[in-house]
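Data block for target.cif (mmCIF, C-alpha atoms):
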```cif
data_coords
#
loop_
_atom_site.label_atom_id
_atom_site.label_comp_id
_atom_site.auth_asym_id
_atom_site.auth_seq_id
_atom_site.Cartn_x
_atom_site.Cartn_y
_atom_site.Cartn_z
CA MET A 13 69.89 4.08 -165.99
CA ARG A 14 67.17 6.54 -165.07
CA PHE A 15 64.63 3.75 -165.44
CA LEU A 16 66.51 1.54 -162.99
CA ARG A 17 66.87 4.38 -160.50
CA GLN A 18 63.13 5.01 -160.63
CA ALA A 19 62.42 1.31 -160.14
CA LEU A 20 64.80 1.18 -157.17
CA THR A 21 63.14 4.26 -155.66
CA VAL A 22 59.73 2.59 -155.85
CA ALA A 23 61.17 -0.64 -154.45
CA SER A 24 62.85 1.10 -151.52
CA LYS A 25 59.66 3.06 -150.78
CA ASP A 26 57.67 -0.19 -150.70
CA LEU A 27 60.22 -1.98 -148.57
CA ARG A 28 60.48 0.91 -146.14
CA SER A 29 56.75 1.17 -145.61
CA GLU A 30 56.49 -2.60 -145.26
CA LEU A 31 59.34 -2.83 -142.77
CA ARG A 32 57.80 -0.04 -140.68
CA THR A 33 54.36 -1.63 -140.40
CA LYS A 34 55.35 -5.28 -141.07
CA GLU A 35 51.69 -6.03 -141.71
CA ALA A 36 52.12 -8.32 -144.76
CA LEU A 37 55.42 -9.72 -143.55
CA ASN A 38 54.14 -10.81 -140.13
CA ALA A 39 50.94 -12.28 -141.54
CA SER A 40 52.76 -14.12 -144.30
CA LEU A 41 55.49 -15.50 -142.04
CA SER A 42 53.11 -16.79 -139.38
CA PHE A 43 50.89 -18.23 -142.10
CA ALA A 44 53.88 -20.08 -143.56
CA LEU A 45 54.75 -21.52 -140.15
CA VAL A 46 51.15 -22.62 -139.57
CA ILE A 47 51.11 -24.46 -142.91
CA LEU A 48 54.42 -26.14 -142.08
CA LEU A 49 52.85 -27.29 -138.82
CA LEU A 50 49.65 -28.48 -140.53
CA PHE A 51 51.63 -30.56 -143.03
CA SER A 52 53.04 -32.58 -140.13
CA PHE A 53 49.51 -33.86 -139.38
CA ALA A 54 48.92 -34.83 -143.01
CA PHE A 55 51.73 -37.41 -142.98
CA ASP A 56 54.55 -38.70 -140.84
CA PRO A 57 57.07 -35.85 -140.90
CA THR A 58 60.12 -37.96 -140.14
CA ALA A 59 59.50 -40.80 -142.59
CA ASP A 60 61.81 -41.26 -145.56
CA THR A 61 58.89 -40.85 -147.93
CA THR A 62 58.53 -37.27 -146.73
CA ARG A 63 61.97 -36.49 -148.17
CA GLU A 64 60.70 -37.40 -151.61
CA ILE A 65 58.02 -34.72 -151.47
CA SER A 66 60.02 -32.14 -149.51
CA GLY A 67 60.45 -29.85 -152.55
CA GLY A 68 56.73 -29.86 -153.20
CA LEU A 69 55.89 -29.06 -149.58
CA LEU A 70 58.36 -26.24 -149.41
CA TRP A 71 57.11 -24.55 -152.57
CA LEU A 72 53.47 -24.90 -151.53
CA VAL A 73 54.35 -23.04 -148.34
CA PHE A 74 56.19 -20.35 -150.30
CA ALA A 75 53.37 -19.98 -152.82
CA PHE A 76 50.73 -19.61 -150.09
CA ALA A 77 52.82 -17.17 -148.11
CA GLY A 78 53.70 -15.26 -151.28
CA ALA A 79 50.04 -14.67 -152.13
CA LEU A 80 49.60 -12.71 -148.88
CA ILE A 81 52.50 -10.41 -149.74
CA LEU A 82 51.35 -9.97 -153.35
CA ASN A 83 47.83 -9.12 -152.24
CA ARG A 84 49.10 -6.13 -150.30
CA SER A 85 51.48 -4.94 -153.01
CA PHE A 86 49.06 -2.75 -154.95
CA ALA A 87 46.19 -2.81 -152.45
CA ARG A 88 48.39 -0.81 -150.06
CA GLU A 89 48.28 2.10 -152.52
CA LEU A 90 44.50 2.33 -152.58
CA GLU A 91 44.27 4.33 -149.34
CA ASN A 92 44.35 8.09 -149.93
CA ASP A 93 44.42 7.41 -153.70
CA CYS A 94 48.17 6.76 -153.61
CA LEU A 95 47.89 4.55 -156.70
CA ASP A 96 46.57 7.47 -158.77
CA ALA A 97 49.41 9.61 -157.49
CA LEU A 98 51.94 6.94 -158.44
CA ILE A 99 50.47 6.60 -161.92
CA ALA A 100 50.43 10.38 -162.36
CA SER A 101 54.04 10.70 -161.17
CA PRO A 102 56.85 10.92 -163.78
CA VAL A 103 57.75 7.28 -163.08
CA PRO A 104 56.75 5.21 -166.15
CA GLY A 105 54.48 2.18 -165.66
CA PRO A 106 57.18 -0.46 -166.30
CA ALA A 107 59.52 1.16 -163.74
CA LEU A 108 56.70 1.29 -161.19
CA PHE A 109 55.98 -2.38 -161.87
CA LEU A 110 59.62 -3.40 -161.68
CA GLY A 111 60.02 -1.55 -158.38
CA LYS A 112 56.98 -3.25 -156.89
CA ALA A 113 58.10 -6.65 -158.19
CA LEU A 114 61.57 -6.12 -156.69
CA ALA A 115 60.10 -5.21 -153.30
CA ASN A 116 57.90 -8.31 -153.34
CA TYR A 117 60.88 -10.36 -154.44
CA VAL A 118 63.00 -9.22 -151.49
CA LEU A 119 60.16 -9.91 -149.04
CA LEU A 120 59.49 -13.33 -150.54
CA LEU A 121 63.17 -14.27 -150.42
CA GLY A 122 63.27 -13.10 -146.81
CA ILE A 123 60.39 -15.39 -145.89
CA GLU A 124 62.04 -18.28 -147.72
CA VAL A 125 65.32 -17.75 -145.91
CA VAL A 126 63.48 -17.87 -142.56
CA CYS A 127 61.30 -20.86 -143.47
CA LEU A 128 64.06 -23.01 -144.92
CA PRO A 129 65.95 -23.73 -141.66
CA VAL A 130 62.65 -24.14 -139.80
CA PHE A 131 61.61 -26.69 -142.40
CA GLY A 132 64.99 -28.40 -142.08
CA VAL A 133 64.62 -28.72 -138.30
CA PHE A 134 60.97 -29.81 -138.24
CA TYR A 135 61.23 -32.34 -141.05
CA ASN A 136 64.76 -33.56 -140.40
CA VAL A 137 66.01 -32.45 -143.82
CA ARG A 138 69.53 -31.13 -144.33
CA VAL A 139 68.99 -27.92 -146.31
CA THR A 140 72.66 -27.10 -146.82
CA GLY A 141 73.55 -30.13 -148.97
CA GLN A 142 73.78 -28.11 -152.18
CA PRO A 143 73.63 -24.49 -151.00
CA LEU A 144 74.60 -22.81 -154.28
CA TRP A 145 72.20 -24.71 -156.51
CA LEU A 146 69.39 -24.41 -153.97
CA GLY A 147 70.06 -20.69 -153.77
CA LEU A 148 69.87 -20.43 -157.55
CA VAL A 149 66.53 -22.26 -157.65
CA LEU A 150 65.13 -20.02 -154.91
CA VAL A 151 66.34 -16.91 -156.71
CA LEU A 152 64.94 -17.92 -160.12
CA ALA A 153 61.60 -19.38 -159.02
CA SER A 154 60.88 -16.56 -156.56
CA TRP A 155 61.44 -14.06 -159.34
CA GLY A 156 58.87 -15.91 -161.47
CA VAL A 157 56.38 -15.87 -158.59
CA SER A 158 57.04 -12.18 -157.90
CA VAL A 159 56.70 -11.04 -161.51
CA VAL A 160 53.50 -12.92 -162.32
CA GLY A 161 52.08 -12.18 -158.87
CA THR A 162 52.81 -8.45 -159.02
CA LEU A 163 51.22 -8.21 -162.47
CA PHE A 164 48.06 -9.87 -161.16
CA SER A 165 48.18 -7.76 -158.03
CA ALA A 166 47.92 -4.73 -160.33
CA LEU A 167 45.25 -6.40 -162.44
CA THR A 168 43.00 -7.30 -159.51
CA VAL A 169 43.56 -4.19 -157.38
CA ASN A 170 40.23 -2.55 -158.24
CA LEU A 171 38.10 -5.69 -158.23
CA ARG A 172 35.48 -6.88 -155.85
CA LEU A 173 36.73 -9.91 -153.89
CA ARG A 174 40.33 -8.96 -154.66
CA GLU A 175 41.78 -11.26 -152.00
CA LEU A 176 39.98 -14.23 -153.55
CA MET A 177 40.65 -13.38 -157.18
CA LEU A 178 44.43 -13.07 -156.91
CA PRO A 179 45.24 -16.66 -155.83
CA MET A 180 42.55 -18.06 -158.12
CA LEU A 181 44.12 -16.42 -161.17
CA VAL A 182 47.78 -16.62 -160.19
CA TYR A 183 48.22 -20.26 -159.17
CA PRO A 184 47.26 -21.84 -162.53
CA MET A 185 49.62 -19.36 -164.26
CA LEU A 186 52.42 -20.31 -161.89
CA ILE A 187 52.07 -24.06 -162.31
CA PRO A 188 55.05 -24.44 -164.72
CA CYS A 189 57.27 -22.28 -162.51
CA LEU A 190 56.27 -24.00 -159.25
CA MET A 191 56.51 -27.41 -160.83
CA ALA A 192 60.07 -26.79 -162.05
CA ALA A 193 61.01 -25.44 -158.62
CA MET A 194 59.53 -28.50 -156.90
CA GLN A 195 61.27 -30.90 -159.28
CA LEU A 196 64.60 -29.17 -158.66
CA THR A 197 64.29 -28.64 -154.91
CA THR A 198 63.54 -32.25 -153.95
CA PRO A 199 66.89 -33.73 -155.19
CA LEU A 200 68.79 -30.67 -153.95
CA LEU A 201 67.42 -31.14 -150.43
CA ALA A 202 68.53 -34.78 -150.64
CA GLY A 203 72.03 -33.50 -151.41
CA GLN A 204 72.15 -34.69 -155.02
CA PRO A 205 73.84 -32.48 -157.61
CA LEU A 206 71.87 -31.19 -160.60
CA GLN A 207 72.47 -33.11 -163.80
CA GLY A 208 70.80 -34.63 -166.84
CA ASP A 209 67.06 -34.05 -166.96
CA LEU A 210 67.15 -31.68 -164.04
CA LEU A 211 69.05 -29.11 -166.08
CA ALA A 212 66.12 -29.02 -168.50
CA TRP A 213 63.89 -27.91 -165.58
CA MET A 214 66.44 -25.22 -164.81
CA ARG A 215 66.30 -24.00 -168.41
CA MET A 216 62.52 -23.94 -168.25
CA LEU A 217 62.62 -21.86 -165.08
CA ILE A 218 64.93 -19.35 -166.79
CA GLY A 219 62.71 -19.27 -169.89
CA PHE A 220 59.62 -18.70 -167.74
CA ASP A 221 61.30 -15.81 -165.94
CA ILE A 222 62.47 -14.12 -169.15
CA ILE A 223 59.18 -14.47 -171.04
CA PHE A 224 56.92 -13.37 -168.21
CA THR A 225 59.17 -10.50 -167.17
CA SER A 226 59.08 -9.11 -170.71
CA LEU A 227 55.33 -9.75 -171.09
CA ALA A 228 54.62 -8.03 -167.79
CA LEU A 229 56.73 -5.00 -168.71
CA VAL A 230 54.91 -4.70 -172.04
CA LEU A 231 51.41 -5.18 -170.61
CA ILE A 232 51.65 -3.19 -167.38
CA ASP A 233 50.69 0.15 -168.94
CA THR A 234 47.55 -1.46 -170.35
CA VAL A 235 46.72 -2.91 -166.94
CA LEU A 236 47.32 0.27 -164.94
CA ILE A 237 46.16 2.98 -167.31
CA GLY A 238 44.39 1.44 -170.32
CA MET B 22 18.21 -12.60 -191.67
CA ARG B 23 21.41 -13.40 -189.80
CA GLU B 24 19.49 -15.71 -187.49
CA ARG B 25 18.00 -17.56 -190.48
CA ILE B 26 21.50 -18.21 -191.81
CA LEU B 27 22.53 -19.50 -188.40
CA TYR B 28 19.52 -21.83 -188.20
CA GLY B 29 20.30 -23.07 -191.71
CA LEU B 30 23.94 -23.72 -190.81
CA GLY B 31 22.80 -25.51 -187.67
CA ALA B 32 20.51 -27.76 -189.68
CA VAL B 33 23.32 -28.62 -192.10
CA ALA B 34 25.67 -29.37 -189.19
CA ALA B 35 23.07 -31.56 -187.50
CA ALA B 36 22.46 -33.47 -190.74
CA LEU B 37 26.19 -33.99 -191.21
CA LEU B 38 26.53 -35.19 -187.65
CA VAL B 39 23.67 -37.70 -188.01
CA ARG B 40 25.25 -39.00 -191.22
CA ASN B 41 28.64 -39.31 -189.50
CA ILE B 42 27.21 -41.14 -186.51
CA TRP B 43 25.36 -43.51 -188.84
CA LYS B 44 28.58 -44.22 -190.73
CA LEU B 45 30.50 -44.59 -187.48
CA LEU B 46 28.11 -47.20 -186.15
CA THR B 47 27.50 -49.17 -189.34
CA GLY B 48 30.33 -48.47 -191.78
CA LEU B 49 33.48 -48.63 -189.69
CA PRO B 50 34.76 -51.92 -188.26
CA ASP B 51 35.62 -52.16 -184.55
CA GLU B 52 39.22 -51.39 -183.70
CA ALA B 53 41.26 -54.55 -183.13
CA PHE B 54 42.37 -53.89 -179.53
CA GLN B 55 39.77 -51.52 -178.16
CA GLY B 56 36.50 -52.80 -179.62
CA ALA B 57 33.54 -50.46 -180.03
CA ILE B 58 34.57 -47.79 -177.52
CA PHE B 59 37.35 -46.49 -179.79
CA ARG B 60 34.65 -44.51 -181.69
CA ILE B 61 34.78 -41.91 -178.96
CA ILE B 62 37.99 -40.65 -180.58
CA PHE B 63 35.97 -39.13 -183.45
CA PHE B 64 34.49 -36.70 -180.94
CA HIS B 65 37.30 -36.55 -178.40
CA VAL B 66 40.05 -35.38 -180.77
CA PRO B 67 38.01 -32.88 -182.85
CA ALA B 68 36.73 -31.38 -179.57
CA ALA B 69 40.32 -30.79 -178.48
CA PHE B 70 41.20 -29.21 -181.85
CA THR B 71 38.16 -26.95 -181.64
CA CYS B 72 38.96 -26.03 -178.06
CA PHE B 73 42.49 -24.89 -178.89
CA LEU B 74 41.33 -23.11 -182.03
CA CYS B 75 38.93 -21.17 -179.79
CA PHE B 76 41.65 -20.33 -177.26
CA PHE B 77 43.92 -19.17 -180.08
CA SER B 78 41.10 -16.99 -181.44
CA ALA B 79 40.71 -15.56 -177.93
CA LEU B 80 44.37 -14.55 -178.03
CA ILE B 81 43.84 -12.81 -181.38
CA ALA B 82 40.71 -11.13 -180.04
CA GLY B 83 42.65 -9.93 -176.99
CA VAL B 84 45.45 -8.40 -179.07
CA ALA B 85 42.96 -6.91 -181.53
CA TYR B 86 40.95 -5.33 -178.71
CA LEU B 87 44.02 -3.72 -177.16
CA LYS B 88 44.99 -2.36 -180.61
CA SER B 89 41.57 -1.13 -181.70
CA LYS B 90 39.62 -0.62 -178.43
CA ASN B 91 36.59 -1.91 -180.31
CA LEU B 92 34.19 -3.72 -177.96
CA LYS B 93 33.23 -6.12 -180.75
CA TRP B 94 36.59 -7.81 -180.26
CA ASP B 95 35.82 -8.17 -176.58
CA ALA B 96 32.49 -9.80 -177.42
CA PHE B 97 34.32 -12.14 -179.80
CA GLY B 98 36.90 -12.90 -177.11
CA VAL B 99 34.40 -13.89 -174.45
CA SER B 100 32.33 -15.88 -176.96
CA VAL B 101 35.22 -18.00 -178.22
CA THR B 102 36.50 -18.54 -174.68
CA GLU B 103 33.14 -19.81 -173.49
CA VAL B 104 32.70 -22.08 -176.51
CA GLY B 105 36.30 -23.25 -176.14
CA LEU B 106 35.64 -24.17 -172.51
CA ALA B 107 32.55 -26.13 -173.54
CA PHE B 108 34.53 -28.09 -176.12
CA GLY B 109 37.37 -28.52 -173.65
CA ALA B 110 34.89 -30.01 -171.18
CA ALA B 111 33.57 -32.30 -173.92
CA ASN B 112 37.13 -33.41 -174.62
CA LEU B 113 37.89 -34.06 -170.94
CA ILE B 114 34.65 -35.89 -170.23
CA SER B 115 34.73 -38.05 -173.37
CA GLY B 116 38.34 -38.88 -172.54
CA MET B 117 37.35 -39.89 -169.02
CA ILE B 118 34.65 -42.22 -170.31
CA TRP B 119 37.15 -43.82 -172.68
CA ALA B 120 39.74 -44.11 -169.89
CA ARG B 121 37.24 -45.80 -167.56
CA ILE B 122 36.76 -48.57 -170.10
CA ILE B 123 40.26 -48.96 -171.55
CA TRP B 124 42.46 -48.07 -168.56
CA GLY B 125 39.92 -49.03 -165.89
CA ILE B 126 40.12 -45.65 -164.13
CA TRP B 127 38.36 -42.34 -164.71
CA TRP B 128 41.40 -40.16 -164.35
CA THR B 129 45.15 -40.54 -164.35
CA TRP B 130 47.69 -37.78 -163.78
CA ASP B 131 49.14 -38.20 -167.23
CA TRP B 132 50.65 -35.10 -168.87
CA ARG B 133 48.03 -34.67 -171.56
CA LEU B 134 45.14 -34.92 -169.12
CA THR B 135 46.81 -32.71 -166.57
CA SER B 136 47.80 -30.00 -169.03
CA MET B 137 44.33 -29.95 -170.58
CA LEU B 138 42.81 -29.57 -167.13
CA ILE B 139 45.18 -26.72 -166.26
CA CYS B 140 44.35 -24.93 -169.53
CA TRP B 141 40.67 -25.36 -168.76
CA LEU B 142 41.17 -23.86 -165.30
CA LEU B 143 43.17 -20.94 -166.73
CA TYR B 144 40.38 -19.98 -169.10
CA ALA B 145 37.74 -20.59 -166.43
CA GLY B 146 39.69 -17.98 -164.45
CA TYR B 147 39.20 -15.60 -167.38
CA LEU B 148 35.42 -15.94 -167.03
CA VAL B 149 35.56 -15.48 -163.25
CA LEU B 150 37.66 -12.35 -163.74
CA ARG B 151 35.08 -10.93 -166.15
CA ARG B 152 32.30 -11.40 -163.63
CA ALA B 153 34.15 -9.36 -161.04
CA ILE B 154 34.37 -6.21 -163.21
CA GLU B 155 31.36 -3.98 -163.81
CA GLU B 156 32.68 -1.33 -166.15
CA PRO B 157 32.62 -2.62 -169.79
CA THR B 158 35.83 -1.01 -171.10
CA GLU B 159 37.80 -1.96 -167.99
CA ARG B 160 36.41 -5.47 -168.21
CA ALA B 161 37.38 -5.69 -171.89
CA ARG B 162 40.89 -4.36 -171.23
CA LEU B 163 41.72 -6.62 -168.29
CA SER B 164 40.23 -9.72 -169.88
CA ALA B 165 42.25 -9.07 -173.04
CA VAL B 166 45.39 -9.01 -170.88
CA MET B 167 44.26 -12.17 -169.11
CA SER B 168 43.68 -13.89 -172.45
CA ILE B 169 47.17 -13.01 -173.70
CA LEU B 170 48.78 -14.19 -170.45
CA SER B 171 46.80 -17.44 -170.42
CA PHE B 172 47.83 -18.30 -173.94
CA SER B 173 51.48 -17.54 -173.15
CA VAL B 174 51.48 -20.01 -170.28
CA VAL B 175 49.90 -22.82 -172.35
CA PRO B 176 53.18 -23.94 -174.07
CA PHE B 177 54.95 -23.98 -170.69
CA VAL B 178 52.18 -26.10 -169.22
CA PHE B 179 52.45 -28.60 -172.04
CA PHE B 180 56.25 -28.83 -172.01
CA SER B 181 56.59 -29.05 -168.26
CA ILE B 182 53.97 -31.72 -167.78
CA LYS B 183 55.22 -33.72 -170.74
CA TRP B 184 58.43 -34.41 -168.84
CA PHE B 185 56.45 -36.64 -166.53
CA ARG B 186 55.66 -40.16 -167.64
CA THR B 187 52.83 -40.52 -170.12
CA GLN B 188 50.38 -43.27 -170.91
CA HIS B 189 48.09 -41.32 -173.23
CA PRO B 190 48.01 -42.67 -176.82
CA GLN B 191 50.43 -40.73 -179.01
CA PRO B 192 48.91 -37.85 -180.94
CA VAL B 193 47.72 -38.80 -184.41
CA LEU B 194 48.69 -35.38 -185.74
CA PHE B 195 52.26 -34.07 -185.36
CA GLY B 196 53.10 -37.15 -183.30
CA ASP B 197 54.11 -40.80 -183.48
CA GLY B 198 50.57 -42.17 -183.26
CA LYS B 199 49.46 -44.39 -186.14
CA MET B 200 45.95 -44.47 -187.49
CA ASP B 201 44.30 -46.27 -190.34
CA SER B 202 43.52 -43.92 -193.24
CA GLY B 203 39.80 -44.77 -193.12
CA TYR B 204 39.66 -43.73 -189.47
CA ARG B 205 41.69 -40.63 -190.23
CA VAL B 206 39.28 -39.48 -192.93
CA MET B 207 36.39 -40.07 -190.53
CA LEU B 208 38.14 -37.98 -187.88
CA TYR B 209 38.35 -34.96 -190.18
CA THR B 210 34.85 -35.49 -191.56
CA ASN B 211 33.50 -35.39 -188.05
CA TRP B 212 35.50 -32.28 -187.22
CA ILE B 213 33.55 -30.29 -189.84
CA PRO B 214 30.11 -30.40 -188.14
CA LEU B 215 31.69 -29.81 -184.72
CA LEU B 216 33.49 -26.74 -186.07
CA MET B 217 30.22 -25.54 -187.57
CA PHE B 218 28.48 -25.94 -184.22
CA ALA B 219 31.30 -24.01 -182.56
CA ALA B 220 30.98 -21.18 -185.10
CA ILE B 221 27.21 -21.02 -184.62
CA LEU B 222 27.54 -20.92 -180.84
CA VAL B 223 30.11 -18.14 -181.10
CA ALA B 224 27.83 -16.16 -183.43
CA VAL B 225 24.83 -16.57 -181.09
CA ARG B 226 26.90 -15.61 -178.07
CA MET B 227 28.20 -12.51 -179.89
CA MET B 228 24.63 -11.45 -180.68
CA GLN B 229 23.81 -11.77 -176.99
CA GLU B 230 26.76 -9.58 -176.11
CA ARG B 231 25.66 -6.97 -178.65
CA ARG B 232 22.15 -6.91 -177.22
CA GLN B 233 23.53 -6.68 -173.73
CA ARG B 234 25.48 -3.59 -174.80
CA GLU B 235 22.33 -2.09 -176.34
CA ILE B 236 20.35 -2.75 -173.15
CA ASP B 237 23.11 -1.21 -171.03
CA ALA B 238 23.17 1.86 -173.29
CA LEU B 239 19.37 2.24 -173.03
CA ARG B 240 19.54 1.86 -169.27
CA ARG B 241 22.20 4.55 -169.04
CA ALA B 242 20.11 6.83 -171.26
CA ALA B 243 17.08 6.23 -169.03
CA HIS B 244 19.09 7.06 -165.92
CA ALA B 245 20.38 10.24 -167.55
CA PHE B 246 16.89 11.69 -167.69
#
```
Let's see the structure in the file written out as structure tokens.
Amino acid sequence: MRFLRQALTVASKDLRSELRTKEALNASLSFALVILLLFSFAFDPTADTTREISGGLLWLVFAFAGALILNRSFARELENDCLDALIASPVPGPALFLGKALANYVLLLGIEVVCLPVFGVFYNVRVTGQPLWLGLVLVLASWGVSVVGTLFSALTVNLRLRELMLPMLVYPMLIPCLMAAMQLTTPLLAGQPLQGDLLAWMRMLIGFDIIFTSLALVLIDTVLIG
Amino acid sequence: MRERILYGLGAVAAALLVRNIWKLLTGLPDEAFQGAIFRIIFFHVPAAFTCFLCFFSALIAGVAYLKSKNLKWDAFGVSVTEVGLAFGAANLISGMIWARIIWGIWWTWDWRLTSMLICWLLYAGYLVLRRAIEEPTERARLSAVMSILSFSVVPFVFFSIKWFRTQHPQPVLFGDGKMDSGYRVMLYTNWIPLLMFAAILVAVRMMQERRQREIDALRRAAHAF
């Protein structure tokens, strides 16, 4: 209970400071919109073939936009040695990590909720065909992205070329998660229900979330303190 | 003394390899459907085995370093990762040559090829991460974490990509692939010298790491004065 309260305190602190400055949020949102626009030059946005890759496009946008948020997550604490203060505070490492991951999660979901209707309008895709399933995929896959991304945000925070290292290390790790999300999102955007093979992707997404959440909670003390 | 042993082992491995290549070219008949090019499998498959053995050793090295904080484990970890990447590259490239002749294309987005490439990129990321950290204990700690995470994602990569269509020949081990027993024996016989080469390379690389640590220590001592 105490652990959860500490995690929520860290998460609300992160969210509050982000919502006051909006530096990562604004950058990430406008970046997502620019990518959505750029995709329209890569292929005919209204063709039927575009529907077949809509899930892939959407998750590429989310993954790119997510990297900007994740980059700031721990880097924000470097000024005035806030990270050292956080580590020295009575909050244990896993709670600190969980709080940061939750804050990133909320921001990422926020960006997705804004981008989804924009995507639907620009690419003539009906996003509300299977709202519950689509919501579940967004919730599960975004958690995977947030957990792995926050762990690497902590891992790369003190490195040279931090902004370059994070995406380079995170994207290969996220391939299974993003791939499952893409496979699931495409039929859902076409309004088809989930069944058969698609449920296996759902199980994989859940397995990915569970394993990497536990791994991250176990390893975070080693990453932050040593 | 240790270097002499390594040179000796290297000579034995080279002799074994020459013998194997001789037998491959003269002793074994061409495969019925593929002709002469099928012989690439005797390097392609053992290279993949060696590569994954190296990555698994890197996982053990990572866990052992975090337990013991002994920099020798870190040296072992980076050595096996580098050698594993070299054998992984050998596997990918030999596979591409084979594919060019049998399938007519260099690369296809088949699950086995794709997952191998992703694994290769994951461990290449490990090396890039190492380069970005100056301080030896921090470098050892973070790369151990990276090694553990990379190995945990490998099964996911393989399962997820397998659900796509495949055109790679079925695995001869733990799979449905069939192979004549003469070819199978040859496959294992050729794995032995490749494994020996891998072990020698790891040993040499670990010696380099040890010397690097000695040089760094001397440099620090010199600066202290």
Discussion item. Could you list, as a list of chain:residue names, every residue matched by the PyMOL selection byres ((chain A and resi 210) around 12) in this structure?
Written reply: A:Trp145, A:Val149, A:Met191, A:Ala192, A:Ala193, A:Met194, A:Gln195, A:Leu196, A:Thr197, A:Thr198, A:Pro199, A:Leu200, A:Gln204, A:Pro205, A:Leu206, A:Gln207, A:Gly208, A:Asp209, A:Leu211, A:Ala212, A:Trp213, A:Met214, A:Arg215, A:Met216, A:Leu217, B:Ser181, B:Trp184
Practice prompt. For the structure provided, state which residues fall under the PyMOL selection byres ((chain A) within 10 of (chain B)), and present them as a ChimeraX atom specification.
Written response: /A:160,164,167-168,170-174,177-178,180-189,191-192,209,212-213,216-217,219-220,223-224,227-228,231-232,234-238
Fill in: Output of the PyMOL selection byres ((chain B and resi 39-51) around 12), listed as an MDAnalysis selection string
chainID B and resid 32:38 52:64 201:215
Item to complete: Work out how far atom CA of B:Phe76 is from atom CA of B:Gly105, in Å to one decimal.
Response: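 Interatomic distance, atom CA of B:Gly105 to atom CA of B:Phe76: 6.2 Å.
Distances from B:Thr71, B:Ala220, B:Ala110, B:Ser115 to B:Trp127 were compared using all atoms listed in the file, and the smallest one belongs to B:Ser115.
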Worksheet entry | One-decimal distance in Å that lies between atom CA of A:Leu49 and atom CA of A:Leu82 | 22.7 Å
Worksheet entry | For atom CA of A:Pro102 and atom CA of A:Arg17, the interatomic separation in Å (one decimal) |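 Value for the atom CA of A:Pro102-atom CA of A:Arg17 distance: 12.4 Å.
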Worksheet item: Out of B:Met137, B:Met217, B:Ala224, B:Ala245, which residue has the shortest atom-to-atom distance to B:Gly98 when counting all atoms listed in the file?
Response: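 Smallest distance to B:Gly98 is found for B:Ala224.
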Fill in: Residues near B:Glu24, cut-off 10 Å, all atoms listed in the file, skip fewer than 3 positions along chain, as a count of residues only
8
Fill in: Polymer residues at most 9 Å from stretch 123-138 of chain A, only C-alpha atoms, same-chain spacing of 6 or more positions, as an NGL selection string
:A and (37 or 40-41 or 44-45 or 48-49 or 52 or 57-59 or 62-63 or 66 or 70 or 73-74 or 77-78 or 150 or 201-203)
